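Undergrad: Got a structure for you, query11.cif, holding mmCIF, C-alpha atoms.
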```cif
data_structure
loop_
_atom_site.group_PDB
_atom_site.id
_atom_site.type_symbol
_atom_site.label_atom_id
_atom_site.label_comp_id
_atom_site.auth_asym_id
_atom_site.auth_seq_id
_atom_site.Cartn_x
_atom_site.Cartn_y
_atom_site.Cartn_z
ATOM 1 C CA MET C 676 -14.018 -18.710 151.818
ATOM 2 C CA LEU C 677 -11.710 -15.699 152.068
ATOM 3 C CA SER C 678 -12.998 -13.152 154.581
ATOM 4 C CA SER C 679 -13.800 -9.633 153.372
ATOM 5 C CA HIS C 680 -11.193 -8.280 155.800
ATOM 6 C CA SER C 681 -8.491 -10.530 154.338
ATOM 7 C CA ARG C 682 -9.571 -9.682 150.800
ATOM 8 C CA GLU C 683 -9.104 -5.975 151.450
ATOM 9 C CA ALA C 684 -5.770 -6.577 153.201
ATOM 10 C CA LEU C 685 -4.445 -8.566 150.244
ATOM 11 C CA LYS C 686 -5.280 -5.725 147.868
ATOM 12 C CA LYS C 687 -2.702 -3.593 149.702
ATOM 13 C CA VAL C 688 0.260 -5.984 149.895
ATOM 14 C CA SER C 689 2.779 -6.866 147.207
ATOM 15 C CA ALA C 690 3.444 -10.178 145.532
ATOM 16 C CA ALA C 691 6.995 -9.932 146.873
ATOM 17 C CA THR C 692 5.799 -9.621 150.460
ATOM 18 C CA LEU C 693 3.453 -12.555 150.035
ATOM 19 C CA THR C 694 6.221 -14.810 148.738
ATOM 20 C CA THR C 695 8.253 -14.008 151.864
ATOM 21 C CA VAL C 696 5.343 -14.722 154.203
ATOM 22 C CA LEU C 697 4.714 -18.009 152.401
ATOM 23 C CA PHE C 698 8.423 -18.884 152.506
ATOM 24 C CA LYS C 699 8.284 -18.615 156.302
ATOM 25 C CA ARG C 700 5.617 -21.323 156.208
ATOM 26 C CA GLY C 701 7.660 -23.595 153.951
ATOM 27 C CA PHE C 702 6.069 -22.674 150.599
ATOM 28 C CA ARG C 703 8.797 -21.958 148.047
ATOM 29 C CA ASN C 704 6.837 -22.344 144.818
ATOM 30 C CA ALA C 705 3.977 -19.866 144.942
ATOM 31 C CA PHE C 706 4.853 -17.273 142.269
ATOM 32 C CA ILE C 707 3.500 -18.064 138.802
ATOM 33 C CA GLN C 708 6.403 -17.895 136.366
ATOM 34 C CA ASN C 709 6.500 -16.147 132.983
ATOM 35 C CA VAL C 710 3.167 -14.347 133.029
ATOM 36 C CA PHE C 711 2.714 -10.587 132.856
ATOM 37 C CA LEU C 712 -0.045 -8.055 133.431
ATOM 38 C CA LEU C 713 -1.504 -6.902 130.117
ATOM 39 C CA ASN C 714 -3.344 -3.823 131.366
ATOM 40 C CA LYS C 715 -0.931 -1.850 133.545
ATOM 41 C CA GLU C 716 -3.648 0.381 135.015
ATOM 42 C CA ALA C 717 -5.836 -2.505 136.171
ATOM 43 C CA PRO C 718 -6.755 -2.785 139.868
ATOM 44 C CA ARG C 719 -5.055 -5.286 142.157
ATOM 45 C CA MET C 720 -6.340 -8.788 141.694
ATOM 46 C CA VAL C 721 -7.569 -10.843 144.663
ATOM 47 C CA GLY C 722 -9.910 -13.809 144.482
ATOM 48 C CA GLU C 723 -10.386 -17.525 144.878
ATOM 49 C CA ALA C 724 -9.197 -19.704 142.000
ATOM 50 C CA TYR C 725 -11.663 -21.152 139.516
ATOM 51 C CA THR C 726 -9.558 -23.517 137.418
ATOM 52 C CA LEU C 727 -9.626 -24.596 133.767
ATOM 53 C CA ARG C 728 -7.326 -27.219 132.263
ATOM 54 C CA TYR C 729 -6.165 -27.629 128.671
ATOM 55 C CA ILE C 730 -4.467 -30.619 127.066
ATOM 56 C CA PRO C 731 -2.812 -30.596 123.606
ATOM 57 C CA ALA C 732 -5.195 -30.162 120.695
ATOM 58 C CA ARG C 733 -6.060 -33.057 118.408
ATOM 59 C CA GLU C 734 -7.053 -32.441 114.799
ATOM 60 C CA ASP C 735 -10.168 -34.599 114.704
ATOM 61 C CA LEU C 736 -11.659 -32.915 117.765
ATOM 62 C CA ASP C 737 -10.498 -29.325 117.705
ATOM 63 C CA GLN C 738 -12.386 -27.755 114.820
ATOM 64 C CA LEU C 739 -14.506 -24.568 114.825
ATOM 65 C CA GLY C 740 -17.649 -26.619 115.310
ATOM 66 C CA ALA C 741 -16.459 -27.482 118.826
ATOM 67 C CA PHE C 742 -17.698 -24.083 120.036
ATOM 68 C CA GLU C 743 -21.265 -24.549 118.825
ATOM 69 C CA GLY C 744 -24.040 -25.077 121.351
ATOM 70 C CA ARG C 745 -23.360 -25.838 124.997
ATOM 71 C CA GLY C 746 -20.763 -27.976 126.700
ATOM 72 C CA HIS C 747 -17.406 -26.624 125.549
ATOM 73 C CA PRO C 748 -15.326 -26.446 128.782
ATOM 74 C CA GLN C 749 -13.770 -23.073 127.963
ATOM 75 C CA ARG C 750 -17.136 -21.429 127.269
ATOM 76 C CA GLU C 751 -18.738 -23.135 130.246
ATOM 77 C CA ALA C 752 -15.958 -21.858 132.537
ATOM 78 C CA ILE C 753 -16.469 -18.283 131.344
ATOM 79 C CA GLU C 754 -20.152 -18.520 132.262
ATOM 80 C CA ALA C 755 -19.585 -20.437 135.514
ATOM 81 C CA CYS C 756 -16.691 -18.604 137.194
ATOM 82 C CA PRO C 757 -18.385 -16.934 140.194
ATOM 83 C CA PRO C 758 -18.197 -13.192 140.868
ATOM 84 C CA GLY C 759 -15.123 -12.322 142.915
ATOM 85 C CA GLN C 760 -13.141 -15.340 141.730
ATOM 86 C CA VAL C 761 -10.156 -15.566 139.367
ATOM 87 C CA LEU C 762 -10.207 -17.830 136.317
ATOM 88 C CA VAL C 763 -6.839 -19.622 136.293
ATOM 89 C CA MET C 764 -5.956 -21.594 133.165
ATOM 90 C CA ASP C 765 -3.432 -24.371 132.737
ATOM 91 C CA ALA C 766 -2.130 -24.217 129.172
ATOM 92 C CA ARG C 767 1.002 -26.268 129.866
ATOM 93 C CA ARG C 768 3.110 -23.088 129.471
ATOM 94 C CA ASP C 769 2.379 -23.150 125.745
ATOM 95 C CA ALA C 770 1.761 -19.581 124.617
ATOM 96 C CA THR C 771 1.939 -20.259 120.882
ATOM 97 C CA ALA C 772 -1.854 -20.047 120.668
ATOM 98 C CA ALA C 773 -4.487 -18.136 122.590
ATOM 99 C CA THR C 774 -6.487 -19.483 125.508
ATOM 100 C CA GLY C 775 -9.025 -16.671 125.173
ATOM 101 C CA GLY C 776 -9.789 -13.369 123.520
ATOM 102 C CA ASP C 777 -11.448 -10.026 124.100
ATOM 103 C CA ILE C 778 -15.075 -11.221 123.903
ATOM 104 C CA LEU C 779 -14.641 -13.976 126.471
ATOM 105 C CA ILE C 780 -12.593 -11.810 128.812
ATOM 106 C CA THR C 781 -15.074 -8.955 128.551
ATOM 107 C CA ARG C 782 -17.838 -11.398 129.443
ATOM 108 C CA LEU C 783 -15.851 -12.575 132.453
ATOM 109 C CA MET C 784 -15.341 -8.955 133.553
ATOM 110 C CA VAL C 785 -19.024 -8.057 133.138
ATOM 111 C CA ARG C 786 -20.013 -11.098 135.194
ATOM 112 C CA GLY C 787 -17.957 -9.743 138.119
ATOM 113 C CA ALA C 788 -14.909 -12.005 138.101
ATOM 114 C CA ALA C 789 -11.818 -10.707 139.904
ATOM 115 C CA GLY C 790 -9.399 -11.435 137.050
ATOM 116 C CA ILE C 791 -7.878 -14.041 134.775
ATOM 117 C CA VAL C 792 -4.496 -15.798 134.684
ATOM 118 C CA THR C 793 -3.172 -18.088 131.954
ATOM 119 C CA ASP C 794 0.294 -19.466 131.313
ATOM 120 C CA GLY C 795 -0.737 -19.655 127.657
ATOM 121 C CA GLY C 796 -1.331 -16.863 125.181
ATOM 122 C CA LEU C 797 -4.195 -14.425 124.704
ATOM 123 C CA ARG C 798 -5.443 -12.875 121.470
ATOM 124 C CA ASP C 799 -7.055 -9.466 120.849
ATOM 125 C CA THR C 800 -4.602 -8.047 123.373
ATOM 126 C CA PRO C 801 -4.764 -4.424 122.110
ATOM 127 C CA THR C 802 -8.440 -4.450 123.143
ATOM 128 C CA ILE C 803 -7.944 -6.440 126.350
ATOM 129 C CA GLU C 804 -5.249 -4.128 127.665
ATOM 130 C CA LYS C 805 -7.742 -1.245 127.653
ATOM 131 C CA LEU C 806 -10.154 -3.060 129.991
ATOM 132 C CA ASP C 807 -10.323 -2.065 133.652
ATOM 133 C CA PHE C 808 -9.754 -5.688 134.581
ATOM 134 C CA PRO C 809 -6.661 -7.667 135.713
ATOM 135 C CA VAL C 810 -5.469 -9.967 132.931
ATOM 136 C CA TYR C 811 -2.242 -12.002 133.121
ATOM 137 C CA CYS C 812 -0.900 -14.136 130.293
ATOM 138 C CA GLY C 813 2.247 -15.794 128.981
ATOM 139 C CA ALA C 814 2.319 -13.957 125.638
ATOM 140 C CA ARG C 815 0.356 -12.021 123.069
ATOM 141 C CA SER C 816 -0.704 -14.722 120.642
ATOM 142 C CA ALA C 817 -3.117 -14.320 117.722
ATOM 143 C CA PRO C 818 -3.805 -17.979 116.785
ATOM 144 C CA LEU C 819 -7.051 -19.325 118.227
ATOM 145 C CA ASN C 820 -6.851 -21.924 120.991
ATOM 146 C CA LEU C 821 -7.891 -24.837 118.758
ATOM 147 C CA VAL C 822 -4.485 -24.689 117.067
ATOM 148 C CA ARG C 823 -2.705 -25.884 120.215
ATOM 149 C CA HIS C 824 -5.170 -26.375 123.075
ATOM 150 C CA HIS C 825 -8.099 -28.617 123.942
ATOM 151 C CA ALA C 826 -10.106 -27.428 126.959
ATOM 152 C CA ILE C 827 -10.825 -30.578 128.907
ATOM 153 C CA ASP C 828 -12.211 -29.821 132.387
ATOM 154 C CA SER C 829 -12.641 -27.236 135.122
ATOM 155 C CA GLN C 830 -12.520 -27.005 138.902
ATOM 156 C CA VAL C 831 -9.735 -29.583 139.170
ATOM 157 C CA PRO C 832 -6.174 -29.130 140.506
ATOM 158 C CA ILE C 833 -3.955 -27.649 137.789
ATOM 159 C CA GLY C 834 -0.473 -26.284 137.237
ATOM 160 C CA CYS C 835 -0.151 -22.686 136.034
ATOM 161 C CA GLY C 836 3.304 -21.334 135.337
ATOM 162 C CA GLY C 837 4.800 -24.185 137.325
ATOM 163 C CA VAL C 838 2.680 -23.543 140.424
ATOM 164 C CA PRO C 839 0.034 -25.975 141.725
ATOM 165 C CA VAL C 840 -3.380 -24.323 141.897
ATOM 166 C CA TYR C 841 -6.331 -25.978 143.612
ATOM 167 C CA PRO C 842 -9.896 -24.692 143.273
ATOM 168 C CA GLY C 843 -10.487 -22.183 146.058
ATOM 169 C CA ASP C 844 -6.836 -21.219 146.543
ATOM 170 C CA VAL C 845 -6.408 -17.467 146.857
ATOM 171 C CA VAL C 846 -4.827 -15.769 143.865
ATOM 172 C CA VAL C 847 -3.248 -12.331 144.261
ATOM 173 C CA GLY C 848 -1.822 -10.263 141.426
ATOM 174 C CA ASP C 849 -0.004 -6.942 141.209
ATOM 175 C CA ALA C 850 2.208 -5.282 138.592
ATOM 176 C CA GLU C 851 5.017 -7.727 139.372
ATOM 177 C CA GLY C 852 3.056 -10.940 138.983
ATOM 178 C CA VAL C 853 0.766 -13.502 140.571
ATOM 179 C CA VAL C 854 1.020 -15.422 143.846
ATOM 180 C CA VAL C 855 -1.064 -18.449 144.839
ATOM 181 C CA ILE C 856 -1.922 -18.871 148.539
ATOM 182 C CA PRO C 857 -3.279 -22.211 149.801
ATOM 183 C CA ALA C 858 -6.866 -21.606 150.893
ATOM 184 C CA LYS C 859 -6.447 -22.982 154.402
ATOM 185 C CA ILE C 860 -3.814 -20.398 155.357
ATOM 186 C CA ALA C 861 -5.044 -17.424 153.340
ATOM 187 C CA ASP C 862 -6.436 -15.433 156.271
ATOM 188 C CA GLU C 863 -3.318 -15.797 158.413
ATOM 189 C CA VAL C 864 -1.067 -14.977 155.445
ATOM 190 C CA ALA C 865 -3.119 -11.858 154.733
ATOM 191 C CA ALA C 866 -2.811 -10.697 158.349
ATOM 192 C CA GLU C 867 0.952 -11.233 158.511
ATOM 193 C CA ALA C 868 1.529 -9.672 155.091
ATOM 194 C CA ALA C 869 -0.349 -6.550 156.167
ATOM 195 C CA LYS C 870 1.871 -6.237 159.243
ATOM 196 C CA GLN C 871 5.032 -6.848 157.207
ATOM 197 C CA THR C 872 3.960 -4.211 154.674
ATOM 198 C CA GLU C 873 3.474 -1.616 157.411
ATOM 199 C CA PHE C 874 6.941 -2.350 158.795
ATOM 200 C CA GLU C 875 8.653 -2.336 155.398
ATOM 201 C CA ASP C 876 6.999 0.945 154.430
ATOM 202 C CA TRP C 877 8.456 2.435 157.616
ATOM 203 C CA VAL C 878 11.864 0.926 156.847
ATOM 204 C CA GLU C 879 11.823 2.350 153.333
ATOM 205 C CA ALA C 880 11.135 5.803 154.737
ATOM 206 C CA LYS C 881 14.114 5.435 157.072
ATOM 207 C CA VAL C 882 16.370 4.328 154.210
ATOM 208 C CA LYS C 883 15.300 7.362 152.190
ATOM 209 C CA GLU C 884 16.368 9.466 155.153
ATOM 210 C CA GLY C 885 19.859 8.006 154.747
ATOM 211 C CA ARG C 886 19.820 5.292 157.379
ATOM 212 C CA SER C 887 21.959 2.142 157.021
ATOM 213 C CA ILE C 888 20.204 -1.190 156.573
ATOM 214 C CA PHE C 889 22.351 -2.791 159.305
ATOM 215 C CA GLY C 890 20.206 -3.302 162.363
ATOM 216 C CA LEU C 891 17.270 -1.903 160.428
ATOM 217 C CA TYR C 892 16.504 -4.611 157.909
ATOM 218 C CA PRO C 893 16.270 -7.169 159.382
ATOM 219 C CA PRO C 894 15.575 -5.255 162.577
ATOM 220 C CA ASP C 895 17.469 -5.604 165.826
ATOM 221 C CA GLU C 896 15.789 -5.119 169.211
ATOM 222 C CA LYS C 897 16.420 -1.375 169.181
ATOM 223 C CA THR C 898 14.772 -1.012 165.768
ATOM 224 C CA ARG C 899 11.794 -3.140 166.796
ATOM 225 C CA ALA C 900 11.255 -0.917 169.832
ATOM 226 C CA GLU C 901 11.560 2.193 167.682
ATOM 227 C CA PHE C 902 9.009 0.863 165.213
ATOM 228 C CA GLU C 903 6.538 -0.057 167.964
ATOM 229 C CA ALA C 904 6.884 3.415 169.435
ATOM 230 C CA TRP C 905 6.267 4.933 166.012
ATOM 231 C CA LYS C 906 3.125 2.818 165.579
ATOM 232 C CA LYS C 907 1.719 3.938 168.904
ATOM 233 C CA LYS C 908 2.409 7.553 168.077
ATOM 234 C CA ALA C 909 0.913 7.194 164.579
ATOM 235 C CA LYS C 910 -2.303 5.789 166.031
#
```
Would you write out, as structure tokens, the structure that this file holds?
TA:
Amino acid sequence: MLSSHSREALKKVSAATLTTVLFKRGFRNAFIQNVFLLNKEAPRMVGEAYTLRYIPAREDLDQLGAFEGRGHPQREAIEACPPGQVLVMDARRDATAATGGDILITRLMVRGAAGIVTDGGLRDTPTIEKLDFPVYCGARSAPLNLVRHHAIDSQVPIGCGGVPVYPGDVVVGDAEGVVVIPAKIADEVAAEAAKQTEFEDWVEAKVKEGRSIFGLYPPDEKTRAEFEAWKKKAK
């Protein structure tokens, strides 16, 4: 489980920084492609992945009656996703129909989830984008999920936006997009990303002062010494 210290650190680092830290460890495919943040004022998203998988809909199974009673995997996932976790949905990058709407997402928010990510569509987006809750999707899409999607199971490895997501992986989202961090390295990635963010914030300040990037970014030995001296003085 992600430590509280790492969780707070990840709320302060960018998706871009995380992709660099993961690249250093050999992970090149960690940024979920073609999803965007619906509600621009939402807080940063950090949480463990709770996964839901869709397969293509089939006409004899995917009728409105499928939602009645208990047992529908989509509804069950909404009620089962633990507080602090992110519901991540595999819709096969098909955003021509919704994978959820405002009622389900509001329920997820009220239950304390950390956010939701789908590479499919979402409906009721004018309402969703007003929620104080991180919501990422592939498109605004009014048709209900039964048109294109059949929710089949949850808490299994999935692909979302071309990225493998295993239950418990750490999912981080900002205004740029969503990064998936393998659970076993999440704490060390959080620690390094926090350090890299501090350095890059300092570099950006130097660039704004008119300094050349040569020797600064990436840093040479002189720059490293200067940064360490600045840190000591700042503390």
Undergrad: What would the selection look like, as a list of chain:residue names, if the PyMOL selection byres ((chain C and resi 783) around 10) were run on the coordinates I just shared?
TA: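 Output of the PyMOL selection byres ((chain C and resi 783) around 10): C:Ala752, C:Ile753, C:Glu754, C:Ala755, C:Cys756, C:Pro757, C:Pro758, C:Val761, C:Leu762, C:Asp777, C:Ile778, C:Leu779, C:Ile780, C:Thr781, C:Arg782, C:Met784, C:Val785, C:Arg786, C:Gly787, C:Ala788, C:Ala789, C:Gly790, C:Ile791, C:Phe808.
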Undergrad: Evaluated on this file, the PyMOL selection byres ((chain C and resi 821) around 10) picks out some residues - which ones are they, written as a list in words?
TA: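 Applied to this file, the PyMOL selection byres ((chain C and resi 821) around 10) selects Pro731, Ala732, Arg733, Glu734, Leu736, Asp737, Gln738, Leu739, Ala741, Phe742, Ala772, Ala773, Thr774, Pro818, Leu819, Asn820, Val822, Arg823, His824, His825 and Ala826 of chain C.
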Undergrad: Using all atoms listed in the file, can you tell me which of C:Gln830, C:Ala861, C:Phe711, C:Glu743 comes closest to Leu797 in chain C?
TA: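 Checking each candidate against Leu797 in chain C, we get C:Phe711 as the closest.
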Undergrad: Using all atoms listed in the file, find the one residue out of C:Thr793, C:Ser681, C:Thr898, C:Thr800 that sits nearest to Gly813 in chain C.
TA: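 Looking only at the distances to Gly813 in chain C, the closest residue turns out to be C:Thr793.
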Undergrad: Which residue is closest to Ile827 in chain C? Choose from C:Val846, C:Val792, C:Ala858, C:Ile730 and count only C-alpha atoms.
TA: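 Among the listed residues, the smallest separation from Ile827 in chain C belongs to C:Ile730.
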Undergrad: Please write N, CA and C atoms of range 678-692 of chain C, from the structure given just now, as a PDB file, in the first residue's frame.
TA:
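Generated file (decode_23.pdb):
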```pdb
ATOM      1  N   SER C 678       2.428   4.623   0.933  1.00  0.00           N
ATOM      2  CA  SER C 678       2.536   5.314   2.214  1.00  0.00           C
ATOM      3  C   SER C 678       1.909   6.699   2.120  1.00  0.00           C
ATOM      4  N   SER C 679       1.473   7.219   3.265  1.00  0.00           N
ATOM      5  CA  SER C 679       0.867   8.561   3.289  1.00  0.00           C
ATOM      6  C   SER C 679       1.879   9.618   2.856  1.00  0.00           C
ATOM      7  N   HIS C 680       3.146   9.406   3.205  1.00  0.00           N
ATOM      8  CA  HIS C 680       4.196  10.352   2.806  1.00  0.00           C
ATOM      9  C   HIS C 680       4.338  10.375   1.289  1.00  0.00           C
ATOM     10  N   SER C 681       4.351   9.199   0.670  1.00  0.00           N
ATOM     11  CA  SER C 681       4.471   9.122  -0.787  1.00  0.00           C
ATOM     12  C   SER C 681       3.236   9.703  -1.463  1.00  0.00           C
ATOM     13  N   ARG C 682       2.079   9.445  -0.885  1.00  0.00           N
ATOM     14  CA  ARG C 682       0.834   9.976  -1.454  1.00  0.00           C
ATOM     15  C   ARG C 682       0.879  11.502  -1.518  1.00  0.00           C
ATOM     16  N   GLU C 683       1.314  12.118  -0.436  1.00  0.00           N
ATOM     17  CA  GLU C 683       1.395  13.578  -0.409  1.00  0.00           C
ATOM     18  C   GLU C 683       2.468  14.097  -1.375  1.00  0.00           C
ATOM     19  N   ALA C 684       3.581  13.374  -1.473  1.00  0.00           N
ATOM     20  CA  ALA C 684       4.641  13.779  -2.402  1.00  0.00           C
ATOM     21  C   ALA C 684       4.144  13.735  -3.836  1.00  0.00           C
ATOM     22  N   LEU C 685       3.389  12.703  -4.189  1.00  0.00           N
ATOM     23  CA  LEU C 685       2.914  12.555  -5.559  1.00  0.00           C
ATOM     24  C   LEU C 685       1.872  13.601  -5.937  1.00  0.00           C
ATOM     25  N   LYS C 686       1.227  14.195  -4.963  1.00  0.00           N
ATOM     26  CA  LYS C 686       0.271  15.263  -5.248  1.00  0.00           C
ATOM     27  C   LYS C 686       0.963  16.551  -5.677  1.00  0.00           C
ATOM     28  N   LYS C 687       2.289  16.608  -5.497  1.00  0.00           N
ATOM     29  CA  LYS C 687       3.027  17.846  -5.779  1.00  0.00           C
ATOM     30  C   LYS C 687       3.972  17.728  -6.968  1.00  0.00           C
ATOM     31  N   VAL C 688       3.965  16.576  -7.642  1.00  0.00           N
ATOM     32  CA  VAL C 688       4.861  16.392  -8.786  1.00  0.00           C
ATOM     33  C   VAL C 688       4.035  16.233 -10.058  1.00  0.00           C
ATOM     34  N   SER C 689       4.635  16.563 -11.185  1.00  0.00           N
ATOM     35  CA  SER C 689       3.906  16.536 -12.449  1.00  0.00           C
ATOM     36  C   SER C 689       3.964  15.174 -13.114  1.00  0.00           C
ATOM     37  N   ALA C 690       3.006  14.956 -14.003  1.00  0.00           N
ATOM     38  CA  ALA C 690       3.023  13.735 -14.813  1.00  0.00           C
ATOM     39  C   ALA C 690       4.301  13.663 -15.633  1.00  0.00           C
ATOM     40  N   ALA C 691       4.750  14.814 -16.130  1.00  0.00           N
ATOM     41  CA  ALA C 691       5.975  14.847 -16.938  1.00  0.00           C
ATOM     42  C   ALA C 691       7.181  14.374 -16.138  1.00  0.00           C
ATOM     43  N   THR C 692       7.305  14.861 -14.914  1.00  0.00           N
ATOM     44  CA  THR C 692       8.414  14.445 -14.061  1.00  0.00           C
ATOM     45  C   THR C 692       8.357  12.948 -13.784  1.00  0.00           C
TER      46      THR C 692
END
```
